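S.K.: File name protein.cif; file contents mmCIF, C-alpha atoms and all ligand atoms; full text below.
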data_coords
loop_
_atom_site.label_atom_id
_atom_site.label_comp_id
_atom_site.auth_asym_id
_atom_site.auth_seq_id
_atom_site.Cartn_x
_atom_site.Cartn_y
_atom_site.Cartn_z
CA MET A 1 98.07 84.38 128.98
CA ALA A 2 97.41 88.13 128.87
CA ASN A 3 97.05 91.24 126.80
CA ILE A 4 100.32 93.16 126.54
CA THR A 5 99.98 96.93 126.92
CA LEU A 6 102.64 99.53 126.18
CA GLU A 7 102.16 102.91 127.79
CA ASN A 8 104.04 106.01 126.67
CA LEU A 9 107.12 104.02 125.78
CA ASN A 10 110.20 106.03 124.76
CA LYS A 11 113.73 104.99 123.91
CA SER A 12 116.77 107.08 123.08
CA PHE A 13 120.30 106.00 122.29
CA GLY A 14 122.32 109.07 123.29
CA LYS A 15 120.66 111.99 121.55
CA SER A 16 118.73 109.95 119.01
CA ASN A 17 115.11 109.17 119.79
CA VAL A 18 114.45 105.71 118.45
CA LEU A 19 110.95 105.20 119.89
CA ASN A 20 108.56 108.11 120.45
CA ASP A 21 105.69 107.76 122.87
CA ILE A 22 104.47 104.34 121.80
CA ASN A 23 101.03 103.31 123.08
CA LEU A 24 99.85 99.87 122.00
CA GLU A 25 97.75 96.94 123.02
CA ILE A 26 98.73 93.47 121.81
CA GLU A 27 95.76 91.19 122.13
CA ASP A 28 96.13 87.80 123.77
CA GLY A 29 96.25 85.04 121.16
CA SER A 30 96.72 87.42 118.21
CA PHE A 31 99.29 87.12 115.43
CA THR A 32 100.51 90.71 115.68
CA ILE A 33 103.07 92.09 113.24
CA LEU A 34 105.42 95.01 113.84
CA LEU A 35 106.08 96.26 110.32
CA GLY A 36 108.26 99.11 109.13
CA PRO A 37 111.32 100.07 107.09
CA SER A 38 114.86 99.30 108.21
CA GLY A 39 115.91 101.35 111.22
CA CYS A 40 112.38 102.39 112.28
CA GLY A 41 112.79 100.85 115.75
CA LYS A 42 110.98 97.50 115.40
CA SER A 43 113.72 95.34 116.90
CA THR A 44 114.35 97.83 119.67
CA LEU A 45 110.66 97.72 120.59
CA LEU A 46 110.64 93.91 120.61
CA ARG A 47 113.82 93.77 122.68
CA ILE A 48 112.38 96.19 125.24
CA LEU A 49 109.25 94.03 125.50
CA ALA A 50 111.43 90.96 125.99
CA GLY A 51 113.49 92.73 128.66
CA LEU A 52 116.70 92.57 126.61
CA GLU A 53 116.90 96.35 126.31
CA GLU A 54 115.93 99.01 128.80
CA GLU A 55 113.32 101.66 127.91
CA SER A 56 114.09 105.34 128.58
CA SER A 57 110.57 105.86 129.95
CA GLY A 58 107.13 104.24 129.89
CA ARG A 59 105.49 101.07 131.17
CA ILE A 60 104.78 97.55 129.96
CA LEU A 61 101.81 95.67 131.40
CA MET A 62 100.68 92.07 131.09
CA ASP A 63 96.99 92.60 131.80
CA THR A 64 97.30 94.73 134.94
CA ASP A 65 100.68 93.34 136.01
CA ASP A 66 103.51 95.87 135.50
CA ILE A 67 106.46 93.88 134.08
CA THR A 68 108.65 96.87 133.14
CA GLU A 69 111.31 95.97 135.69
CA LYS A 70 111.16 92.19 135.30
CA GLU A 71 114.09 90.09 134.10
CA PRO A 72 113.69 88.48 130.64
CA LYS A 73 113.38 85.00 132.19
CA ASP A 74 110.47 86.14 134.34
CA ARG A 75 108.42 87.55 131.47
CA ASN A 76 106.99 84.25 130.24
CA ILE A 77 107.97 84.83 126.60
CA ALA A 78 110.16 82.96 124.10
CA MET A 79 112.28 84.73 121.48
CA VAL A 80 112.98 83.34 117.99
CA PHE A 81 115.75 85.13 116.13
CA GLN A 82 116.75 85.40 112.50
CA ASN A 83 120.07 83.62 113.14
CA TYR A 84 118.47 80.64 114.98
CA ALA A 85 120.97 80.78 117.88
CA LEU A 86 121.29 76.97 118.07
CA TYR A 87 124.11 75.21 119.91
CA PRO A 88 126.32 73.85 117.08
CA HIS A 89 127.80 70.95 119.06
CA MET A 90 124.40 69.58 120.13
CA THR A 91 121.97 67.46 118.11
CA VAL A 92 118.51 68.71 117.23
CA TYR A 93 117.14 66.63 120.11
CA GLN A 94 119.67 68.02 122.59
CA ASN A 95 119.09 71.60 121.45
CA ILE A 96 115.41 71.24 122.26
CA GLU A 97 116.08 69.26 125.45
CA TYR A 98 118.47 71.80 126.96
CA GLY A 99 115.87 74.24 128.30
CA LEU A 100 113.76 71.39 129.67
CA LYS A 101 116.75 69.94 131.57
CA ILE A 102 117.37 73.32 133.18
CA LYS A 103 113.74 73.35 134.26
CA LYS A 104 114.35 69.91 135.82
CA VAL A 105 111.75 68.13 133.71
CA THR A 106 112.20 64.34 134.12
CA LYS A 107 113.83 62.30 131.35
CA GLU A 108 110.62 60.46 130.41
CA GLU A 109 108.62 63.65 130.32
CA ARG A 110 111.31 65.32 128.23
CA LYS A 111 111.16 62.51 125.71
CA SER A 112 107.41 62.74 125.37
CA ILE A 113 107.45 66.55 125.00
CA ILE A 114 110.29 66.46 122.44
CA ASP A 115 108.74 63.63 120.39
CA ASN A 116 105.58 65.66 120.26
CA VAL A 117 107.21 68.90 119.18
CA LEU A 118 109.44 67.17 116.59
CA GLN A 119 106.26 65.80 115.06
CA MET A 120 104.72 69.26 115.07
CA VAL A 121 107.64 70.88 113.24
CA GLU A 122 108.19 67.80 111.03
CA LEU A 123 111.75 67.07 112.12
CA LYS A 124 111.34 63.60 113.62
CA GLU A 125 113.80 61.93 111.27
CA HIS A 126 116.39 64.67 111.87
CA ALA A 127 116.47 64.39 115.67
CA GLN A 128 120.05 63.09 115.82
CA LYS A 129 121.56 65.57 113.34
CA ARG A 130 123.58 68.61 114.25
CA PRO A 131 122.53 72.10 113.07
CA LYS A 132 125.16 72.24 110.32
CA GLN A 133 123.64 69.12 108.70
CA LEU A 134 120.27 70.92 108.31
CA SER A 135 118.87 73.39 105.78
CA GLY A 136 118.04 76.94 106.84
CA GLY A 137 114.33 76.16 107.07
CA GLN A 138 115.00 73.07 109.19
CA ARG A 139 117.25 75.05 111.55
CA GLN A 140 114.54 77.67 111.92
CA ARG A 141 112.10 74.90 112.80
CA VAL A 142 114.48 73.63 115.51
CA ALA A 143 114.58 77.15 116.93
CA LEU A 144 110.77 77.21 116.87
CA ALA A 145 110.58 73.79 118.54
CA ARG A 146 112.92 74.96 121.27
CA ALA A 147 110.66 77.98 121.85
CA ILE A 148 107.47 75.87 121.79
CA VAL A 149 108.61 73.49 124.55
CA LYS A 150 109.04 76.46 126.88
CA ARG A 151 105.24 76.84 126.66
CA PRO A 152 105.56 80.61 126.80
CA GLY A 153 102.66 83.01 127.11
CA ALA A 154 103.89 84.77 123.96
CA PHE A 155 106.36 84.15 121.13
CA PHE A 156 108.47 87.11 120.03
CA MET A 157 110.00 86.64 116.58
CA ASP A 158 112.52 89.00 115.00
CA GLU A 159 112.62 88.52 111.21
CA PRO A 160 112.85 84.73 111.65
CA LEU A 161 112.52 84.00 107.93
CA SER A 162 114.84 86.60 106.45
CA ASN A 163 117.79 84.18 106.01
CA LEU A 164 115.73 81.77 103.91
CA ASP A 165 115.34 81.76 100.14
CA ALA A 166 112.07 82.97 98.63
CA LYS A 167 110.48 79.55 98.15
CA LEU A 168 111.29 78.34 101.62
CA ARG A 169 110.08 81.62 103.07
CA ASN A 170 106.68 81.13 101.43
CA HIS A 171 106.50 77.62 102.82
CA MET A 172 107.53 78.68 106.33
CA ARG A 173 104.92 81.48 106.27
CA GLN A 174 102.21 78.87 105.86
CA GLU A 175 103.78 76.72 108.57
CA LEU A 176 103.82 79.62 111.00
CA ILE A 177 100.16 80.39 110.29
CA GLU A 178 99.30 76.75 111.02
CA LEU A 179 101.51 76.70 114.11
CA HIS A 180 99.77 79.78 115.46
CA GLN A 181 96.40 78.16 114.88
CA GLN A 182 97.52 75.04 116.76
CA LEU A 183 99.13 76.85 119.69
CA LYS A 184 96.61 79.70 119.99
CA THR A 185 99.33 81.73 121.74
CA THR A 186 100.25 85.35 121.04
CA PHE A 187 102.80 85.74 118.23
CA LEU A 188 104.52 89.11 118.05
CA TYR A 189 106.46 89.15 114.81
CA VAL A 190 108.89 91.79 113.51
CA THR A 191 109.40 92.22 109.78
CA HIS A 192 110.10 94.83 107.11
CA ASP A 193 108.37 92.64 104.55
CA GLN A 194 104.83 93.79 103.79
CA ILE A 195 103.94 90.47 102.19
CA GLU A 196 104.83 88.56 105.35
CA ALA A 197 102.84 91.07 107.35
CA MET A 198 99.74 90.98 105.17
CA SER A 199 99.73 87.21 104.72
CA MET A 200 100.33 86.12 108.32
CA GLY A 201 99.15 88.88 110.61
CA SER A 202 95.77 89.09 112.26
CA TYR A 203 96.79 92.59 113.37
CA ILE A 204 99.46 94.89 111.93
CA ILE A 205 101.26 97.78 113.62
CA ILE A 206 103.15 100.01 111.19
CA LEU A 207 106.11 101.95 112.54
CA ASN A 208 108.11 104.71 110.91
CA GLN A 209 110.92 106.66 112.57
CA GLY A 210 109.92 105.38 115.98
CA LYS A 211 106.25 106.32 115.69
CA VAL A 212 103.14 104.24 115.16
CA MET A 213 101.75 105.29 111.78
CA GLN A 214 98.68 103.06 111.85
CA GLN A 215 97.44 99.83 113.42
CA GLY A 216 94.62 97.53 112.44
CA THR A 217 93.70 94.35 110.60
CA PRO A 218 95.42 93.72 107.25
CA LYS A 219 92.14 94.70 105.57
CA ASP A 220 91.96 98.03 107.48
CA ILE A 221 95.54 98.87 106.65
CA TYR A 222 95.20 98.03 102.96
CA THR A 223 91.76 99.44 102.23
CA ASN A 224 91.76 102.39 104.60
CA PRO A 225 95.29 103.83 104.98
CA GLN A 226 95.33 106.82 107.30
CA ASN A 227 98.34 108.50 105.73
CA LEU A 228 100.50 108.56 102.64
CA PHE A 229 103.28 106.57 104.32
CA VAL A 230 101.01 103.59 105.05
CA ALA A 231 99.33 103.78 101.63
CA GLN A 232 102.72 103.68 99.90
CA PHE A 233 104.34 101.11 102.20
CA ILE A 234 101.71 98.42 101.63
CA GLY A 235 100.85 97.09 98.18
CA SER A 236 102.78 95.86 95.17
CA PRO A 237 103.17 97.69 92.88
CA PRO A 238 102.67 100.58 95.28
CA VAL A 239 99.59 102.80 95.26
CA ASN A 240 99.49 105.30 92.36
CA ILE A 241 99.73 108.92 93.43
CA MET A 242 98.30 111.72 91.28
CA GLU A 243 99.26 115.23 92.35
CA MET A 244 96.37 117.67 92.02
CA GLY A 245 96.82 121.12 93.48
CA GLU A 246 97.60 120.88 97.18
CA TYR A 247 96.39 117.32 97.36
CA LYS A 248 97.74 113.90 96.52
CA ILE A 249 95.22 111.38 95.29
CA GLY A 250 95.95 107.66 95.68
CA ILE A 251 94.51 104.73 93.81
CA ARG A 252 95.62 101.09 93.96
CA PRO A 253 96.86 99.57 90.65
CA GLU A 254 94.18 96.85 90.75
CA LYS A 255 91.43 99.44 91.18
CA ILE A 256 92.07 100.89 87.74
CA SER A 257 90.34 99.24 84.83
CA MET A 258 92.00 99.54 81.43
CA THR A 259 90.42 99.39 77.98
CA THR A 260 91.46 100.35 74.50
CA GLU A 261 89.00 102.67 72.76
CA VAL A 262 85.85 101.51 74.50
CA VAL A 263 84.56 103.63 77.35
CA ASN A 264 83.39 101.68 80.35
CA ASP A 265 80.46 103.53 81.86
CA SER A 266 80.34 101.55 85.09
CA PHE A 267 83.08 103.80 86.52
CA ASP A 268 82.97 107.46 87.66
CA TYR A 269 86.13 108.72 85.95
CA CYS A 270 88.00 108.21 82.71
CA LEU A 271 91.60 109.21 81.98
CA GLU A 272 93.51 108.75 78.72
CA GLY A 273 97.07 107.54 78.56
CA GLU A 274 99.85 106.01 76.55
CA LEU A 275 101.14 102.52 77.32
CA LEU A 276 104.82 102.57 78.35
CA SER A 277 105.44 98.95 79.31
CA THR A 278 103.82 95.60 80.01
CA GLU A 279 105.01 93.12 82.65
CA GLN A 280 103.60 89.61 82.46
CA LEU A 281 103.83 87.99 85.89
CA GLY A 282 102.00 84.79 85.05
CA GLY A 283 98.91 85.18 87.20
CA GLU A 284 98.65 88.89 86.57
CA THR A 285 99.80 91.62 84.21
CA ILE A 286 101.13 95.04 85.17
CA TYR A 287 100.88 97.93 82.73
CA ARG A 288 102.67 101.22 83.11
CA VAL A 289 100.76 104.09 81.53
CA GLN A 290 101.78 107.71 80.98
CA THR A 291 98.94 110.14 81.76
CA ASP A 292 98.63 113.90 82.27
CA TYR A 293 98.81 113.17 86.01
CA GLY A 294 102.00 111.12 85.92
CA LYS A 295 102.88 107.48 85.28
CA LEU A 296 100.30 105.06 86.68
CA ASN A 297 100.52 101.31 87.25
CA VAL A 298 97.54 99.15 86.38
CA LYS A 299 97.29 95.56 87.63
CA THR A 300 94.90 93.13 85.96
CA PRO A 301 94.42 89.36 85.96
CA SER A 302 96.64 87.85 83.28
CA GLU A 303 96.12 89.33 79.85
CA TRP A 304 98.26 87.69 77.20
CA GLU A 305 96.99 89.65 74.19
CA ALA A 306 99.33 92.52 73.26
CA ILE A 307 97.62 95.89 73.72
CA ASN A 308 97.98 98.81 71.32
CA GLY A 309 96.20 102.05 70.61
CA THR A 310 94.83 104.66 72.95
CA ILE A 311 94.52 103.49 76.52
CA LYS A 312 91.56 104.50 78.63
CA LEU A 313 91.82 104.15 82.38
CA HIS A 314 88.66 103.99 84.43
CA PHE A 315 88.20 104.20 88.17
CA ALA A 316 85.56 104.73 90.80
CA LYS A 317 85.17 107.46 93.42
CA ARG A 318 85.00 104.97 96.26
CA ASN A 319 88.52 103.69 95.56
CA LEU A 320 90.31 107.03 95.88
CA PHE A 321 92.36 108.15 98.88
CA PHE A 322 92.96 111.89 99.39
CA PHE A 323 96.00 113.19 101.30
CA ASN A 324 97.01 116.74 102.27
CA THR A 325 100.51 118.22 102.02
CA ASP A 326 101.43 116.70 105.41
CA GLY A 327 100.57 113.26 104.03
CA ASP A 328 97.49 112.88 106.26
CA ARG A 329 94.31 111.35 104.89
CA VAL A 330 91.59 113.96 104.36
CA PRO A 331 87.92 113.78 103.25
CA PRO A 332 87.38 113.33 99.50
CA GLN A 333 87.94 116.40 97.31
CA TYR A 334 86.02 115.24 94.26
CA HIS A 335 85.95 118.73 92.73
CA LEU A 336 89.62 118.21 91.84
CA LEU A 337 88.62 115.48 89.40
CA GLU A 338 85.80 117.31 87.60
CA ASP A 339 87.69 117.19 84.29
CA LEU A 340 87.82 113.40 84.44
CA GLU A 341 84.16 112.78 85.19
CA MET A 342 82.41 110.53 82.73
CA LYS A 343 80.20 112.82 80.66
CA GLN A 344 76.70 111.76 79.75
CA GLU A 345 77.29 112.05 75.99
CA VAL A 346 80.46 109.89 76.23
CA MET A 347 78.56 107.34 78.24
CA MET A 348 75.93 107.18 75.54
CA GLY A 349 78.73 106.32 73.11
CA SER A 350 78.23 109.37 70.87
N1 LIG A 401 122.54 99.68 120.91
C1 LIG A 401 122.31 100.72 120.10
N2 LIG A 401 123.03 101.84 120.22
C2 LIG A 401 122.80 102.92 119.42
N3 LIG A 401 121.86 102.96 118.46
C3 LIG A 401 121.10 101.86 118.29
C4 LIG A 401 121.28 100.68 119.09
N4 LIG A 401 120.39 99.76 118.68
C5 LIG A 401 119.68 100.31 117.68
N5 LIG A 401 120.11 101.58 117.45
C6 LIG A 401 119.56 102.49 116.45
O1 LIG A 401 118.17 102.58 116.64
C7 LIG A 401 117.46 102.63 115.42
C8 LIG A 401 116.43 101.53 115.36
O2 LIG A 401 117.06 100.28 115.30
P1 LIG A 401 116.26 98.92 115.23
O3 LIG A 401 117.24 97.81 115.14
O4 LIG A 401 115.25 98.89 116.30
O5 LIG A 401 115.51 99.11 113.84
P2 LIG A 401 114.70 98.05 112.98
O6 LIG A 401 113.46 98.73 112.58
O7 LIG A 401 114.58 96.77 113.71
O8 LIG A 401 115.63 97.90 111.71
P3 LIG A 401 116.06 96.60 110.87
O9 LIG A 401 114.83 96.14 110.13
O10 LIG A 401 117.12 97.14 109.96
O11 LIG A 401 116.57 95.61 111.86
C9 LIG A 401 118.52 102.55 114.33
O12 LIG A 401 118.77 103.85 113.86
C10 LIG A 401 119.71 101.97 115.03
O13 LIG A 401 120.89 102.42 114.44
#
Translate the structure of the given file into structure tokens.
Ligand SMILES: Nc1ncnc2c1ncn2[C@@H]1O[C@H](COP(=O)(O)OP(=O)(O)OP(=O)(O)O)[C@@H](O)[C@H]1O
M.R.:
Amino acid sequence: MANITLENLNKSFGKSNVLNDINLEIEDGSFTILLGPSGCGKSTLLRILAGLEEESSGRILMDTDDITEKEPKDRNIAMVFQNYALYPHMTVYQNIEYGLKIKKVTKEERKSIIDNVLQMVELKEHAQKRPKQLSGGQRQRVALARAIVKRPGAFFMDEPLSNLDAKLRNHMRQELIELHQQLKTTFLYVTHDQIEAMSMGSYIIILNQGKVMQQGTPKDIYTNPQNLFVAQFIGSPPVNIMEMGEYKIGIRPEKISMTTEVVNDSFDYCLEGELLSTEQLGGETIYRVQTDYGKLNVKTPSEWEAINGTIKLHFAKRNLFFFNTDGDRVPPQYHLLEDLEMKQEVMMGS
């Protein structure tokens, strides 16, 4: 297919600017996620790319081909929506067959294509059922099958899993990852769910208030956030923020090591605190600790022993993020943490 490029894309509804000067490149064959809070403009961006909404200004290219003015049907993409959009009076088979009939594919060919895709989405035994006889996950798979048989150059998906319960959503996430690996076609996937984004995406674009806040691989986004918004949007529990002077210092809950009494000299800094609460999540434990720099969350692999006494929190220089008052990432300001440095005499245990 092709790389999709967005150049200086803007969209306003009346006086409100919903997308502000968006420049992006969506790589051919990638599983790209548009992630952001409700109302940030994700769906509008996807709809403009699909040709379902008109941009106020800017261009969309497929490689070097300008498709800005093209009709949706001429853009070689397939949309999958949250509400499935299946025909209720048709069977699963007929729902998938419909688009192929319009394309004048012969009956035998249709049968072979549909048998194949039903196998792929594991719905073979449900072919003669109507949508209302299926579960939410099965309906979503029919919608996917219908998109797959179009053999589009890219799949655009708008929160396709948000109507499913948590367990089914987890399952469908894995299925989508496998489907992408089989099809090797571009997936452009809209969600507000950071877990979906991190677990499925090969590339994540984070939007806020119609602007791109950061883009990169899940690892880039998580380990090297460029601003406070991105740092706080990704991660559960969210990044801890310590306010020091004009700066905000971020550290992820799993990058803090907690001990009682003992000082761990393999870290650069030590901070004392008082345990406020303990949350056992099965595979991991989350502690909330009151310190002089606010309440901090600490995430550790499961620890079933109750903890009492003075809490010591340890962390390393390399895991800190520094932000200025505008929320932009700035170079490290280690002098702010001088008071927390591990002192030689403490390290010696005296
Ligand atoms: N047709 C429209 N007319 C006027 N305003 C609109 C229209 N469509 C969207 N908007 C506004 O544009 C903004 C972005 O909407 P959009 O649906 O793109 O956000 P989103 O990030 O997809 O949110 P959500 O996750 O809640 O679906 C919102 O403030 C919304 O109210």
S.K.: Got a sec to check which residues lie within 10 Å of ligand LIG 401 (chain A), using only C-alpha atoms and all ligand atoms, and send them as an NGL selection string?
M.R.: :A and (11-19 or 34-48 or 53 or 158-159 or 190-193 or 207-210)
S.K.: Could you check which residues have any atom within 12 Å of (114.9, 84.8, 104.8), counting only C-alpha atoms with coordinates taken straight from the file, and then list them as an NGL selection string?
M.R.: :A and (81-84 or 136-137 or 140 or 158-173 or 191-193 or 196)
S.K.: Return the single residue from A:Ile22, A:Met120, A:Ile195, A:Ala143 that is closest to His180 of chain A, with distances computed using only C-alpha atoms.
M.R.: A:Met120
S.K.: Name all residues at most 12 Å from Gln280 of chain A (count all atoms listed in the file; drop same-chain ones fewer than 2 positions away) and give them as a ChimeraX atom specification.
M.R.: /A:277-278,282-288,298-306
S.K.: Every residue with an atom at most 6 Å from (109.3, 83.5, 125.0) (file coordinates; only C-alpha atoms) is what I'm after, so could you write them as a list of chain:residue names?
M.R.: A:Asn76, A:Ile77, A:Ala78, A:Met79, A:Pro152, A:Ala154, A:Phe155
S.K.: Quick one: which segment 281-314 of chain A residues come within 7 Å of segment 238-247 of chain A, and what is the nearest atom pair for each with the distance in Å to one decimal, counting all atoms listed in the file, rows ordered by chain and ascending number, as CSV?
M.R.:
residue,atom,partner,partner_atom,distance
A:Tyr293,CA,A:Met242,CA,5.5
A:Gly294,CA,A:Met242,CA,6.5
A:Leu296,CA,A:Asn240,CA,5.7
A:Asn297,CA,A:Asn240,CA,6.6
S.K.: Using only C-alpha atoms for the distances, tell me which of A:Asn264, A:Glu7, A:Lys150, A:Leu123 is nearest to Thr68 of chain A.
M.R.: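 Using only C-alpha atoms, the shortest distance to Thr68 of chain A belongs to A:Glu7.
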S.K.: Do you have the atom CA of Leu340 of chain A-atom CA of Leu271 of chain A distance handy?
M.R.: 6.2 Å
S.K.: For a quick check of understanding, using all atoms listed in the file, which of A:Gln128, A:Phe156, A:Leu313, A:Gly99 has the smallest distance to Leu52 of chain A?
M.R.: A:Phe156
S.K.: Neighbouring residues of Leu228 of chain A were defined as those with any atom within 8 Å, considering only C-alpha atoms; residues of the same chain fewer than 5 positions away were excluded. Please report them as a list in words.
M.R.: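 Residues meeting the cut-off are Phe323, Gly327, Asp328 and Arg329 of chain A.
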S.K.: For atom CA of Phe229 of chain A and atom CA of Met213 of chain A, quote the distance in Å rounded to one decimal.
M.R.: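 Between atom CA of Phe229 of chain A and atom CA of Met213 of chain A the gap works out to 7.7 Å.
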S.K.: Give me, please, the distance in Å between atom CA of Thr5 of chain A and atom CA of Arg59 of chain A, quoted to one decimal.
M.R.: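 Going from atom CA of Thr5 of chain A over to atom CA of Arg59 of chain A covers 8.1 Å.
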S.K.: Would you kindly return, as a PyMOL selection string, each protein, DNA or RNA residue with an atom no farther than 10 Å from any atom of Leu118 of chain A, considering only C-alpha atoms and excluding same-chain residues fewer than 5 positions away?
M.R.: chain A and resi 92-93+96+113+123-127+141-142+145-146
